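Everything on this sheet refers to the single structure shown next.
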Amino acid sequence: MGELLYLYACVPSKEMNTLPDLTGFDGEGKLHTIQAGSITAVICALNAESYNEDVLKDKVENDMQWLQEKAFHHHETVLALSKLYTVIPLKFSTIYKSEDSLKQTLIENESKMNDIFDLLEGNEEWNLKIYCDDQTLKEQVSKSNPVIEEKRGEISQLSKGKQFFELKKLDKLVETELEEEKNRVSEQVHEALKKLVLKGNVKRTWSSEVTGADKKMTWNSVYLISKEDVERFLEEVQSYDQEMKEAGWQLEASGPWPAYHFSSFQT
């Protein structure tokens with residue numbers, strides 16, 4: 001009965017020492033390594049019959065509990081490795097059919113992966129999510145936005161009958177200006193924080209159903225930060241959070257995370 005190799009991450013061989021005692025994807029085996037030149041792959045062995053492509057596809061599509069458990073296992077394992085080494089994290093369910101095929105991939109991509117290691121070494125990935133209480137901000141926008149104030153002044157000069165329909169239009173204008181204000185403020189914070197980091201990328205926001213938060217997520221971004229600058233970055237985020245709280249804003253920084261967003265390597 002054959003074996004498959006589940007790949008979690010790649011590490012510079014020069015950093016690899018004793019691998020921590022971590023349980024593999026099947027919940028039974030242990031992690032081990034395979035080296036190809038300057039790159040070391042952190043893997044676990046899987047039973048080829050139990051974890052072949054068809055079985056995994058069926059599990060992913062039809063067993064949500066299994067998927068959640070295994071995705072969490074993958075994330076936690078890569079996170080543990082990232083605290084010990086400079087790692088290129090691989091996406092969930094990256095599997096090789098043989099040691100030879102894995103080594104060949106490492107050798108073919110050695111130069112590219114070493115460039116990524118050079119970028120990541122001494123740096124950390126951090127995430128920033130910005131939330132907003134729409135109702136609180138909407139009230140402020142309605143009172144202070146010059147476009148809305150001008151429109152409100154125009155409406156006040158109209159007859160009562162015309163005012164009714166124009167006020168309906170005004171409500172839509174307030175909603176439009178609200179979204180523009182949310183984007184403007186979030187982008188302003190993002191651009192200011194980018195001055196403190198090596199790289200900063202914008203991601204898609206999550207719905208309230210996903211976050212479970214009362215406030216809506218208006219911004220989601222990731223940053224690659226030198227370890228020596230992390231404290232300053234977090235202080236800046238905290239300063240913005242305190243300054244913007246009364247207006248209905250909330251900033252949440254989290255990390256450090258495995259550098260998924262700054263190690264664009266796919267096997």
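Each chain in the structure tokens gets a letter, A, B and so on, in the order shown; residues start at 1 in every chain, and ligands are counted from 1 in the order they appear.
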Closest atom pairs, residues of segment 52-123 of chain A within 12 Å of segment 38-47 of chain A, only C-alpha atoms, as a tab-separated table:
```
residue	atom	partner	partner_atom	distance
A:Asn52	CA	A:Asn47	CA	8.1
A:Glu53	CA	A:Asn47	CA	11.7
A:Val55	CA	A:Asn47	CA	11.3
A:Leu56	CA	A:Leu46	CA	11.7
A:His74	CA	A:Ile43	CA	11.1
A:Thr77	CA	A:Val42	CA	10.2
A:Val78	CA	A:Val42	CA	9.4
A:Ala80	CA	A:Val42	CA	11.9
A:Leu81	CA	A:Val42	CA	9.0
A:Ser82	CA	A:Val42	CA	11.5
A:Tyr85	CA	A:Thr40	CA	11.0
A:Thr86	CA	A:Thr40	CA	11.1
A:Val87	CA	A:Ala41	CA	9.6
A:Ile88	CA	A:Ala41	CA	9.5
A:Pro89	CA	A:Val42	CA	9.9
A:Leu90	CA	A:Val42	CA	10.1
A:Ser93	CA	A:Ile43	CA	11.3
A:Thr94	CA	A:Ile43	CA	9.9
A:Ile95	CA	A:Ile43	CA	9.2
A:Tyr96	CA	A:Ala45	CA	9.8
A:Lys97	CA	A:Leu46	CA	9.9
A:Ser98	CA	A:Ala45	CA	10.0
A:Glu99	CA	A:Ala45	CA	10.2
A:Leu102	CA	A:Ala41	CA	8.5
A:Lys103	CA	A:Ala41	CA	8.7
A:Gln104	CA	A:Ile39	CA	11.3
A:Thr105	CA	A:Ile39	CA	10.5
A:Leu106	CA	A:Ile39	CA	6.7
A:Ile107	CA	A:Ile39	CA	8.1
A:Glu108	CA	A:Ile39	CA	10.9
A:Asn109	CA	A:Ile39	CA	9.4
A:Glu110	CA	A:Ile39	CA	6.8
A:Ser111	CA	A:Ser38	CA	9.4
A:Lys112	CA	A:Ile39	CA	10.9
A:Met113	CA	A:Ile39	CA	8.0
A:Asn114	CA	A:Ile39	CA	8.0
A:Asp115	CA	A:Ile39	CA	11.7
A:Ile116	CA	A:Ile39	CA	11.6
A:Phe117	CA	A:Ile39	CA	10.0
```
For C-alpha atoms, I'd like the residues from the last selection saved as a PDB file, in the first residue's frame.
```
ATOM      1  CA  ASN A  52      -6.217   9.902  -2.706  1.00  0.00           C
ATOM      2  CA  GLU A  53      -7.524  12.726  -4.904  1.00  0.00           C
ATOM      3  CA  VAL A  55     -11.438  10.783  -1.473  1.00  0.00           C
ATOM      4  CA  LEU A  56     -10.195  14.289  -0.639  1.00  0.00           C
ATOM      5  CA  HIS A  74      -3.212  22.831   8.603  1.00  0.00           C
ATOM      6  CA  THR A  77       0.637  23.446  12.090  1.00  0.00           C
ATOM      7  CA  VAL A  78       1.945  26.083   9.686  1.00  0.00           C
ATOM      8  CA  ALA A  80       3.619  26.648  14.813  1.00  0.00           C
ATOM      9  CA  LEU A  81       6.347  26.228  12.191  1.00  0.00           C
ATOM     10  CA  SER A  82       6.346  29.955  11.407  1.00  0.00           C
ATOM     11  CA  TYR A  85      11.570  29.157  11.108  1.00  0.00           C
ATOM     12  CA  THR A  86      11.286  31.378   8.067  1.00  0.00           C
ATOM     13  CA  VAL A  87       8.554  29.516   6.196  1.00  0.00           C
ATOM     14  CA  ILE A  88       6.882  29.532   2.825  1.00  0.00           C
ATOM     15  CA  PRO A  89       3.420  28.234   3.783  1.00  0.00           C
ATOM     16  CA  LEU A  90       1.651  25.986   1.291  1.00  0.00           C
ATOM     17  CA  SER A  93      -4.232  20.024   0.775  1.00  0.00           C
ATOM     18  CA  THR A  94      -0.972  20.289  -1.177  1.00  0.00           C
ATOM     19  CA  ILE A  95      -0.082  16.641  -1.807  1.00  0.00           C
ATOM     20  CA  TYR A  96       2.692  14.853  -3.698  1.00  0.00           C
ATOM     21  CA  LYS A  97       2.608  11.312  -4.934  1.00  0.00           C
ATOM     22  CA  SER A  98       6.286  10.580  -4.307  1.00  0.00           C
ATOM     23  CA  GLU A  99       9.410  11.915  -2.658  1.00  0.00           C
ATOM     24  CA  LEU A 102       8.545  16.705  -4.403  1.00  0.00           C
ATOM     25  CA  LYS A 103      12.325  16.963  -4.576  1.00  0.00           C
ATOM     26  CA  GLN A 104      12.139  17.768  -8.272  1.00  0.00           C
ATOM     27  CA  THR A 105       9.741  20.635  -7.565  1.00  0.00           C
ATOM     28  CA  LEU A 106      12.011  22.012  -4.849  1.00  0.00           C
ATOM     29  CA  ILE A 107      15.062  21.850  -7.095  1.00  0.00           C
ATOM     30  CA  GLU A 108      13.286  23.499 -10.029  1.00  0.00           C
ATOM     31  CA  ASN A 109      12.037  26.351  -7.830  1.00  0.00           C
ATOM     32  CA  GLU A 110      15.054  26.698  -5.539  1.00  0.00           C
ATOM     33  CA  SER A 111      16.134  30.116  -6.793  1.00  0.00           C
ATOM     34  CA  LYS A 112      12.640  31.589  -6.610  1.00  0.00           C
ATOM     35  CA  MET A 113      12.038  30.177  -3.144  1.00  0.00           C
ATOM     36  CA  ASN A 114      15.337  31.543  -1.846  1.00  0.00           C
ATOM     37  CA  ASP A 115      14.312  34.999  -3.092  1.00  0.00           C
ATOM     38  CA  ILE A 116      11.096  34.634  -1.093  1.00  0.00           C
ATOM     39  CA  PHE A 117      13.044  33.546   1.998  1.00  0.00           C
TER      40      PHE A 117
END
```
statement: One decimal place gives the atom CA of Gln135 of chain A-atom CA of Val202 of chain A separation as 24.7 Å
- prompt: So how many Å separate atom CA of Gly29 of chain A and atom CA of Asn17 of chain A, to one decimal?
  reply: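 That distance, rounded to one decimal, is 19.6 Å.
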Neighbouring residues of Trp66 of chain A were defined as those with any atom within 12 Å, considering only C-alpha atoms; residues of the same chain fewer than 5 positions away were excluded. Please report them as an mmCIF file with all heavy atoms, in the first residue's frame.
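The result, written out as out12.cif:
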```cif
data_model
loop_
_atom_site.group_PDB
_atom_site.id
_atom_site.type_symbol
_atom_site.label_atom_id
_atom_site.label_comp_id
_atom_site.auth_asym_id
_atom_site.auth_seq_id
_atom_site.Cartn_x
_atom_site.Cartn_y
_atom_site.Cartn_z
ATOM 1 N N PHE A 25 -1.475 15.089 9.356
ATOM 2 C CA PHE A 25 -2.807 15.358 8.823
ATOM 3 C C PHE A 25 -3.810 14.259 9.168
ATOM 4 O O PHE A 25 -5.002 14.525 9.351
ATOM 5 C CB PHE A 25 -2.694 15.503 7.301
ATOM 6 C CG PHE A 25 -3.896 16.091 6.630
ATOM 7 C CD1 PHE A 25 -4.100 17.460 6.614
ATOM 8 C CD2 PHE A 25 -4.822 15.284 5.987
ATOM 9 C CE1 PHE A 25 -5.210 18.013 5.976
ATOM 10 C CE2 PHE A 25 -5.925 15.823 5.344
ATOM 11 C CZ PHE A 25 -6.121 17.196 5.343
ATOM 12 N N ASP A 26 -3.340 13.015 9.272
ATOM 13 C CA ASP A 26 -4.244 11.903 9.564
ATOM 14 C C ASP A 26 -4.513 11.719 11.048
ATOM 15 O O ASP A 26 -5.278 10.842 11.450
ATOM 16 C CB ASP A 26 -3.703 10.599 8.971
ATOM 17 C CG ASP A 26 -2.348 10.207 9.547
ATOM 18 O OD1 ASP A 26 -1.822 10.939 10.425
ATOM 19 O OD2 ASP A 26 -1.801 9.175 9.107
ATOM 20 N N LEU A 56 -10.313 12.927 -1.151
ATOM 21 C CA LEU A 56 -10.195 14.289 -0.639
ATOM 22 C C LEU A 56 -11.239 15.210 -1.266
ATOM 23 O O LEU A 56 -11.833 16.050 -0.581
ATOM 24 C CB LEU A 56 -8.793 14.826 -0.906
ATOM 25 C CG LEU A 56 -7.677 14.230 -0.043
ATOM 26 C CD1 LEU A 56 -6.325 14.786 -0.472
ATOM 27 C CD2 LEU A 56 -7.910 14.512 1.432
ATOM 28 N N LYS A 57 -11.459 15.057 -2.553
ATOM 29 C CA LYS A 57 -12.454 15.887 -3.242
ATOM 30 C C LYS A 57 -13.842 15.671 -2.639
ATOM 31 O O LYS A 57 -14.586 16.619 -2.405
ATOM 32 C CB LYS A 57 -12.472 15.548 -4.731
ATOM 33 C CG LYS A 57 -13.403 16.418 -5.578
ATOM 34 C CD LYS A 57 -13.233 16.085 -7.051
ATOM 35 C CE LYS A 57 -14.089 17.010 -7.932
ATOM 36 N NZ LYS A 57 -15.523 16.841 -7.714
ATOM 37 N N ASP A 58 -14.173 14.420 -2.374
ATOM 38 C CA ASP A 58 -15.471 14.102 -1.776
ATOM 39 C C ASP A 58 -15.585 14.683 -0.373
ATOM 40 O O ASP A 58 -16.635 15.229 -0.002
ATOM 41 C CB ASP A 58 -15.654 12.579 -1.736
ATOM 42 C CG ASP A 58 -16.987 12.200 -1.119
ATOM 43 O OD1 ASP A 58 -18.032 12.501 -1.722
ATOM 44 O OD2 ASP A 58 -16.984 11.602 -0.012
ATOM 45 N N LYS A 59 -14.522 14.600 0.402
ATOM 46 C CA LYS A 59 -14.525 15.134 1.761
ATOM 47 C C LYS A 59 -14.708 16.648 1.752
ATOM 48 O O LYS A 59 -15.492 17.205 2.526
ATOM 49 C CB LYS A 59 -13.217 14.766 2.471
ATOM 50 C CG LYS A 59 -13.110 13.323 2.905
ATOM 51 C CD LYS A 59 -14.008 13.046 4.104
ATOM 52 C CE LYS A 59 -13.741 11.679 4.698
ATOM 53 N NZ LYS A 59 -14.634 11.409 5.869
ATOM 54 N N VAL A 60 -13.955 17.304 0.898
ATOM 55 C CA VAL A 60 -14.014 18.765 0.825
ATOM 56 C C VAL A 60 -15.402 19.243 0.416
ATOM 57 O O VAL A 60 -15.921 20.241 0.938
ATOM 58 C CB VAL A 60 -12.950 19.303 -0.158
ATOM 59 C CG1 VAL A 60 -13.180 20.778 -0.463
ATOM 60 C CG2 VAL A 60 -11.544 19.096 0.408
ATOM 61 N N GLU A 61 -16.031 18.531 -0.494
ATOM 62 C CA GLU A 61 -17.327 18.963 -1.026
ATOM 63 C C GLU A 61 -18.509 18.543 -0.160
ATOM 64 O O GLU A 61 -19.559 19.202 -0.181
ATOM 65 C CB GLU A 61 -17.515 18.412 -2.438
ATOM 66 C CG GLU A 61 -16.534 18.999 -3.456
ATOM 67 C CD GLU A 61 -16.721 18.410 -4.835
ATOM 68 O OE1 GLU A 61 -17.518 17.441 -4.973
ATOM 69 O OE2 GLU A 61 -16.080 18.898 -5.789
ATOM 70 N N ALA A 71 -8.685 21.911 7.958
ATOM 71 C CA ALA A 71 -8.186 23.249 7.624
ATOM 72 C C ALA A 71 -7.592 23.910 8.867
ATOM 73 O O ALA A 71 -6.545 24.581 8.788
ATOM 74 C CB ALA A 71 -9.307 24.108 7.044
ATOM 75 N N PHE A 72 -8.242 23.712 10.006
ATOM 76 C CA PHE A 72 -7.723 24.252 11.262
ATOM 77 C C PHE A 72 -6.394 23.594 11.609
ATOM 78 O O PHE A 72 -5.448 24.265 12.036
ATOM 79 C CB PHE A 72 -8.735 24.025 12.383
ATOM 80 C CG PHE A 72 -8.299 24.589 13.714
ATOM 81 C CD1 PHE A 72 -8.350 25.954 13.957
ATOM 82 C CD2 PHE A 72 -7.839 23.746 14.719
ATOM 83 C CE1 PHE A 72 -7.945 26.468 15.184
ATOM 84 C CE2 PHE A 72 -7.423 24.251 15.940
ATOM 85 C CZ PHE A 72 -7.485 25.615 16.180
ATOM 86 N N HIS A 73 -6.312 22.274 11.431
ATOM 87 C CA HIS A 73 -5.061 21.550 11.682
ATOM 88 C C HIS A 73 -3.937 22.109 10.805
ATOM 89 O O HIS A 73 -2.824 22.361 11.282
ATOM 90 C CB HIS A 73 -5.234 20.053 11.399
ATOM 91 C CG HIS A 73 -3.947 19.344 11.173
ATOM 92 N ND1 HIS A 73 -3.134 18.911 12.203
ATOM 93 C CD2 HIS A 73 -3.306 18.992 10.018
ATOM 94 C CE1 HIS A 73 -2.053 18.341 11.702
ATOM 95 N NE2 HIS A 73 -2.130 18.374 10.385
#
```
query: Looking at only C-alpha atoms, which of A:Trp126, A:Tyr223, A:Trp206, A:Tyr8 is the one that sits closest to Trp257 of chain A?
result: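 Among the listed residues, the smallest separation from Trp257 of chain A belongs to A:Trp126.
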- request: as a PyMOL selection string, list the residues of segment 4-209 of chain A assigned to strand (DSSP E or B) by DSSP on the backbone atoms of this structure.
  value: chain A and resi 4-12+23+30+32-36+39-47+88-89+95-96+123-132+199-202
query: So what do you get for atom CA of Ala259 of chain A versus atom CA of Gly27 of chain A, distance-wise?
result: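 Between these atoms lies a distance of 24.9 Å.
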- request: Please provide the set of residues having any atom within 10 Å of Thr218 of chain A, restricted to only C-alpha atoms, with same-chain residues fewer than 4 positions apart removed, written as a PyMOL selection string.
  value: chain A and resi 129-134+179+182-183+185-186+204-207+249-250
